[in-house]
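J.: Input run-v2.pdb, format and content: PDB, C-alpha atoms and all ligand atoms.
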ATOM      1  CA  MET R1305      80.548 131.338  60.312  1.00  0.00           C
ATOM      2  CA  LYS R1306      81.895 134.837  60.054  1.00  0.00           C
ATOM      3  CA  GLN R1307      79.720 137.877  59.385  1.00  0.00           C
ATOM      4  CA  SER R1308      81.605 141.035  60.121  1.00  0.00           C
ATOM      5  CA  VAL R1309      82.541 144.579  59.238  1.00  0.00           C
ATOM      6  CA  ARG R1310      86.153 145.653  58.916  1.00  0.00           C
ATOM      7  CA  PHE R1311      86.712 149.332  59.609  1.00  0.00           C
ATOM      8  CA  GLU R1312      89.592 151.175  57.993  1.00  0.00           C
ATOM      9  CA  PRO R1313      91.929 152.893  58.555  1.00  0.00           C
ATOM     10  CA  ALA R1314      91.806 151.432  62.094  1.00  0.00           C
ATOM     11  CA  GLY R1315      91.864 147.854  60.763  1.00  0.00           C
ATOM     12  CA  LEU R1316      89.321 146.715  63.370  1.00  0.00           C
ATOM     13  CA  GLU R1317      86.879 143.924  62.602  1.00  0.00           C
ATOM     14  CA  GLU R1318      83.603 143.445  64.480  1.00  0.00           C
ATOM     15  CA  PRO R1319      80.885 140.773  64.213  1.00  0.00           C
ATOM     16  CA  VAL R1320      77.397 141.843  63.141  1.00  0.00           C
ATOM     17  CA  TYR R1321      73.912 140.992  64.383  1.00  0.00           C
ATOM     18  CA  PRO R1322      70.473 141.135  62.740  1.00  0.00           C
ATOM     19  CA  GLY R1323      69.213 144.670  62.294  1.00  0.00           C
ATOM     20  CA  ASP R1324      72.574 146.317  62.916  1.00  0.00           C
ATOM     21  CA  THR R1325      73.478 149.453  61.030  1.00  0.00           C
ATOM     22  CA  LEU R1326      77.106 150.143  60.204  1.00  0.00           C
ATOM     23  CA  LEU R1327      76.985 152.782  62.929  1.00  0.00           C
ATOM     24  CA  ASP R1328      75.807 150.186  65.485  1.00  0.00           C
ATOM     25  CA  VAL R1329      78.705 147.924  64.573  1.00  0.00           C
ATOM     26  CA  ALA R1330      81.246 150.749  64.714  1.00  0.00           C
ATOM     27  CA  LEU R1331      80.083 151.791  68.166  1.00  0.00           C
ATOM     28  CA  ALA R1332      80.163 148.168  69.350  1.00  0.00           C
ATOM     29  CA  ALA R1333      83.787 148.081  68.181  1.00  0.00           C
ATOM     30  CA  ARG R1334      84.407 151.282  70.161  1.00  0.00           C
ATOM     31  CA  ILE R1335      85.320 153.141  67.018  1.00  0.00           C
ATOM     32  CA  ALA R1336      84.881 156.869  67.385  1.00  0.00           C
ATOM     33  CA  LEU R1337      82.634 157.251  64.367  1.00  0.00           C
ATOM     34  CA  GLU R1338      80.949 160.611  64.720  1.00  0.00           C
ATOM     35  CA  HIS R1339      77.146 160.642  64.616  1.00  0.00           C
ATOM     36  CA  GLU R1340      76.228 164.184  65.396  1.00  0.00           C
ATOM     37  CA  CYS R1341      72.491 163.898  64.626  1.00  0.00           C
ATOM     38  CA  GLY R1342      72.085 160.665  66.555  1.00  0.00           C
ATOM     39  CA  GLY R1343      71.536 158.502  63.491  1.00  0.00           C
ATOM     40  CA  ASN R1344      68.661 160.472  62.008  1.00  0.00           C
ATOM     41  CA  CYS R1345      70.064 161.134  58.538  1.00  0.00           C
ATOM     42  CA  ALA R1346      70.345 164.815  59.340  1.00  0.00           C
ATOM     43  CA  CYS R1347      74.125 165.282  59.118  1.00  0.00           C
ATOM     44  CA  THR R1348      77.000 163.647  57.255  1.00  0.00           C
ATOM     45  CA  THR R1349      79.357 162.950  60.139  1.00  0.00           C
ATOM     46  CA  CYS R1350      78.858 159.169  59.866  1.00  0.00           C
ATOM     47  CA  HIS R1351      80.019 159.129  56.235  1.00  0.00           C
ATOM     48  CA  VAL R1352      81.815 155.917  55.262  1.00  0.00           C
ATOM     49  CA  ILE R1353      83.097 154.558  51.982  1.00  0.00           C
ATOM     50  CA  ILE R1354      82.321 150.918  51.276  1.00  0.00           C
ATOM     51  CA  SER R1355      85.223 149.175  49.579  1.00  0.00           C
ATOM     52  CA  GLY R1356      83.837 145.646  49.804  1.00  0.00           C
ATOM     53  CA  GLY R1357      80.634 143.785  50.600  1.00  0.00           C
ATOM     54  CA  ALA R1358      78.185 146.540  49.630  1.00  0.00           C
ATOM     55  CA  GLU R1359      75.763 143.827  48.521  1.00  0.00           C
ATOM     56  CA  TYR R1360      75.301 142.931  52.197  1.00  0.00           C
ATOM     57  CA  LEU R1361      73.855 146.350  52.960  1.00  0.00           C
ATOM     58  CA  THR R1362      70.379 147.650  52.293  1.00  0.00           C
ATOM     59  CA  PRO R1363      70.443 150.024  49.332  1.00  0.00           C
ATOM     60  CA  PRO R1364      70.351 153.742  50.117  1.00  0.00           C
ATOM     61  CA  GLU R1365      66.967 155.449  50.156  1.00  0.00           C
ATOM     62  CA  GLN R1366      66.494 158.824  48.492  1.00  0.00           C
ATOM     63  CA  VAL R1367      66.749 160.715  51.791  1.00  0.00           C
ATOM     64  CA  GLU R1368      70.236 159.240  52.350  1.00  0.00           C
ATOM     65  CA  LEU R1369      71.318 160.029  48.799  1.00  0.00           C
ATOM     66  CA  ASP R1370      70.096 163.597  49.198  1.00  0.00           C
ATOM     67  CA  ARG R1371      72.002 163.985  52.473  1.00  0.00           C
ATOM     68  CA  LEU R1372      75.150 162.496  50.973  1.00  0.00           C
ATOM     69  CA  GLU R1373      75.189 165.340  48.449  1.00  0.00           C
ATOM     70  CA  GLU R1374      76.470 167.457  51.350  1.00  0.00           C
ATOM     71  CA  ALA R1375      79.276 165.067  52.333  1.00  0.00           C
ATOM     72  CA  GLU R1376      82.856 166.026  51.703  1.00  0.00           C
ATOM     73  CA  ALA R1377      84.807 163.591  49.531  1.00  0.00           C
ATOM     74  CA  ARG R1378      81.711 161.565  48.627  1.00  0.00           C
ATOM     75  CA  CYS R1379      81.762 159.041  45.816  1.00  0.00           C
ATOM     76  CA  SER R1380      79.583 156.275  44.401  1.00  0.00           C
ATOM     77  CA  GLN R1381      80.563 153.962  47.291  1.00  0.00           C
ATOM     78  CA  SER R1382      79.656 156.500  49.983  1.00  0.00           C
ATOM     79  CA  ARG R1383      77.073 155.611  52.623  1.00  0.00           C
ATOM     80  CA  LEU R1384      75.832 157.103  55.834  1.00  0.00           C
ATOM     81  CA  ALA R1385      76.666 154.485  58.442  1.00  0.00           C
ATOM     82  CA  CYS R1386      73.477 155.142  60.397  1.00  0.00           C
ATOM     83  CA  GLN R1387      71.311 154.389  57.360  1.00  0.00           C
ATOM     84  CA  ALA R1388      73.080 151.311  56.001  1.00  0.00           C
ATOM     85  CA  ILE R1389      71.517 148.214  57.562  1.00  0.00           C
ATOM     86  CA  ILE R1390      73.373 144.944  57.299  1.00  0.00           C
ATOM     87  CA  ARG R1391      71.583 142.152  55.469  1.00  0.00           C
ATOM     88  CA  LEU R1392      72.509 138.699  56.705  1.00  0.00           C
ATOM     89  CA  THR R1393      72.032 137.107  53.304  1.00  0.00           C
ATOM     90  CA  ALA R1394      75.098 134.869  53.426  1.00  0.00           C
ATOM     91  CA  GLU R1395      76.667 132.694  56.094  1.00  0.00           C
ATOM     92  CA  GLU R1396      80.028 134.361  55.666  1.00  0.00           C
ATOM     93  CA  PHE R1397      80.935 137.835  54.535  1.00  0.00           C
ATOM     94  CA  THR R1398      83.014 140.838  55.454  1.00  0.00           C
ATOM     95  CA  ILE R1399      81.987 144.378  54.669  1.00  0.00           C
ATOM     96  CA  SER R1400      84.870 146.842  54.395  1.00  0.00           C
ATOM     97  CA  ALA R1401      84.078 150.386  55.460  1.00  0.00           C
ATOM     98  CA  PHE R1402      86.510 153.279  55.349  1.00  0.00           C
ATOM     99  CA  ILE R1403      85.633 156.026  57.791  1.00  0.00           C
ATOM    100  CA  ALA R1404      85.679 159.255  55.821  1.00  0.00           C
ATOM    101  CA  GLY R1405      85.153 161.796  58.619  1.00  0.00           C
ATOM    102  CA  GLU R1406      88.336 163.566  59.547  1.00  0.00           C
ATOM    103  CA  THR R1407      90.375 161.984  56.798  1.00  0.00           C
ATOM    104  CA  ALA R1408      88.427 163.220  53.802  1.00  0.00           C
ATOM    105  CA  ALA R1409      91.522 163.578  51.630  1.00  0.00           C
ATOM    106  CA  THR R1410      92.572 160.016  52.377  1.00  0.00           C
ATOM    107  CA  ALA R1411      89.016 158.803  51.938  1.00  0.00           C
ATOM    108  CA  GLN R1412      88.918 160.147  48.415  1.00  0.00           C
ATOM    109  CA  LYS R1413      91.652 157.697  47.478  1.00  0.00           C
ATOM    110  CA  GLU R1414      89.280 154.877  48.489  1.00  0.00           C
ATOM    111  CA  CYS R1415      86.724 155.919  45.880  1.00  0.00           C
TER     112      CYS R1415
HETATM  113  S1  LIG Q   1      74.598 160.237  62.295  1.00  0.00           S
HETATM  114 FE1  LIG Q   1      73.854 161.940  61.235  1.00  0.00          FE
HETATM  115  S2  LIG Q   1      73.465 161.125  59.273  1.00  0.00           S
HETATM  116 FE2  LIG Q   1      74.241 159.440  60.346  1.00  0.00          FE
END
Output the structure of this file as structure tokens.
T.:
Amino acid sequence: MKQSVRFEPAGLEEPVYPGDTLLDVALAARIALEHECGGNCACTTCHVIISGGAEYLTPPEQVELDRLEEAEARCSQSRLACQAIIRLTAEEFTISAFIAGETAATAQKEC
């Protein structure tokens, strides 16, 4: 049984646990995903672009969508990693998340 998140461009894959956000998983993988506001949906530094497995995440609430309006290089697959909670609705899945942060120009290609 494999339930994991694969982070790009690092290419690191990390298992997930109930209640994890994408930010929790990134930090467990020791990925330097910025989270300036401490996971309170008050910045956009944890911006990620989901290129696979979005159905295994809780849908964004309006407060996240409003905050994402401020994110550089956002697109329809953009999420704030601190707000996206993983749903363990299948025995096996992999969510692919591209860390937008410092590579906004590259991230736009993922959209
Ligand atoms: S850490 Fe600030 S919005 Fe996610």
J.: Contacts of range 1391-1400 of chain R at 6 Å or less, counting only C-alpha atoms, minus same-chain residues fewer than 4 places along, as a short mmCIF file (atom, residue, chain, number, x, y, z; two decimals) with C-alpha atoms, keeping the file's coordinate frame?
T.:
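Full text of out.cif as output:
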data_model
loop_
_atom_site.label_atom_id
_atom_site.label_comp_id
_atom_site.auth_asym_id
_atom_site.auth_seq_id
_atom_site.Cartn_x
_atom_site.Cartn_y
_atom_site.Cartn_z
CA MET R 1305 80.55 131.34 60.31
CA LYS R 1306 81.90 134.84 60.05
CA GLN R 1307 79.72 137.88 59.38
CA SER R 1308 81.60 141.04 60.12
CA VAL R 1309 82.54 144.58 59.24
CA ARG R 1310 86.15 145.65 58.92
CA ILE R 1354 82.32 150.92 51.28
CA SER R 1355 85.22 149.18 49.58
CA GLY R 1356 83.84 145.65 49.80
CA GLY R 1357 80.63 143.78 50.60
CA TYR R 1360 75.30 142.93 52.20
CA LEU R 1361 73.86 146.35 52.96
#
J.: How would you write, as a list in words, the residues chosen by the PyMOL selection byres (((chain R and resi 1380) around 12) and not hetatm) on this structure?
T.: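 So the PyMOL selection byres (((chain R and resi 1380) around 12) and not hetatm) ends up selecting Val1352, Ile1353, Ile1354, Ser1355, Ala1358, Pro1364, Leu1369, Leu1372, Glu1373, Ala1375, Ala1377, Arg1378, Cys1379, Gln1381, Ser1382, Arg1383, Gln1412, Glu1414 and Cys1415 of chain R.
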J.: Around range 1335-1352 of chain R, fit a box with edges along x, y and z, padding it by 3 Å on each side, then list its centre and edge lengths in Å to one decimal as lines of an AutoDock Vina configuration file.
T.:
center_x = 77.0
center_y = 159.2
center_z = 61.3
size_x = 22.7
size_y = 18.1
size_z = 18.1
J.: Interatomic distance between CA of Ile1335 in chain R and CA of Glu1365 in chain R?
T.: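 Between these atoms lies a distance of 25.0 Å.
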J.: Out of R:Pro1313, R:Pro1363, R:Ala1388, R:Ala1401, which residue has the shortest atom-to-atom distance to ligand LIG 1 (chain Q) when counting only C-alpha atoms and all ligand atoms?
T.: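 Answer, going by the shortest atom-to-atom distance: R:Ala1388.
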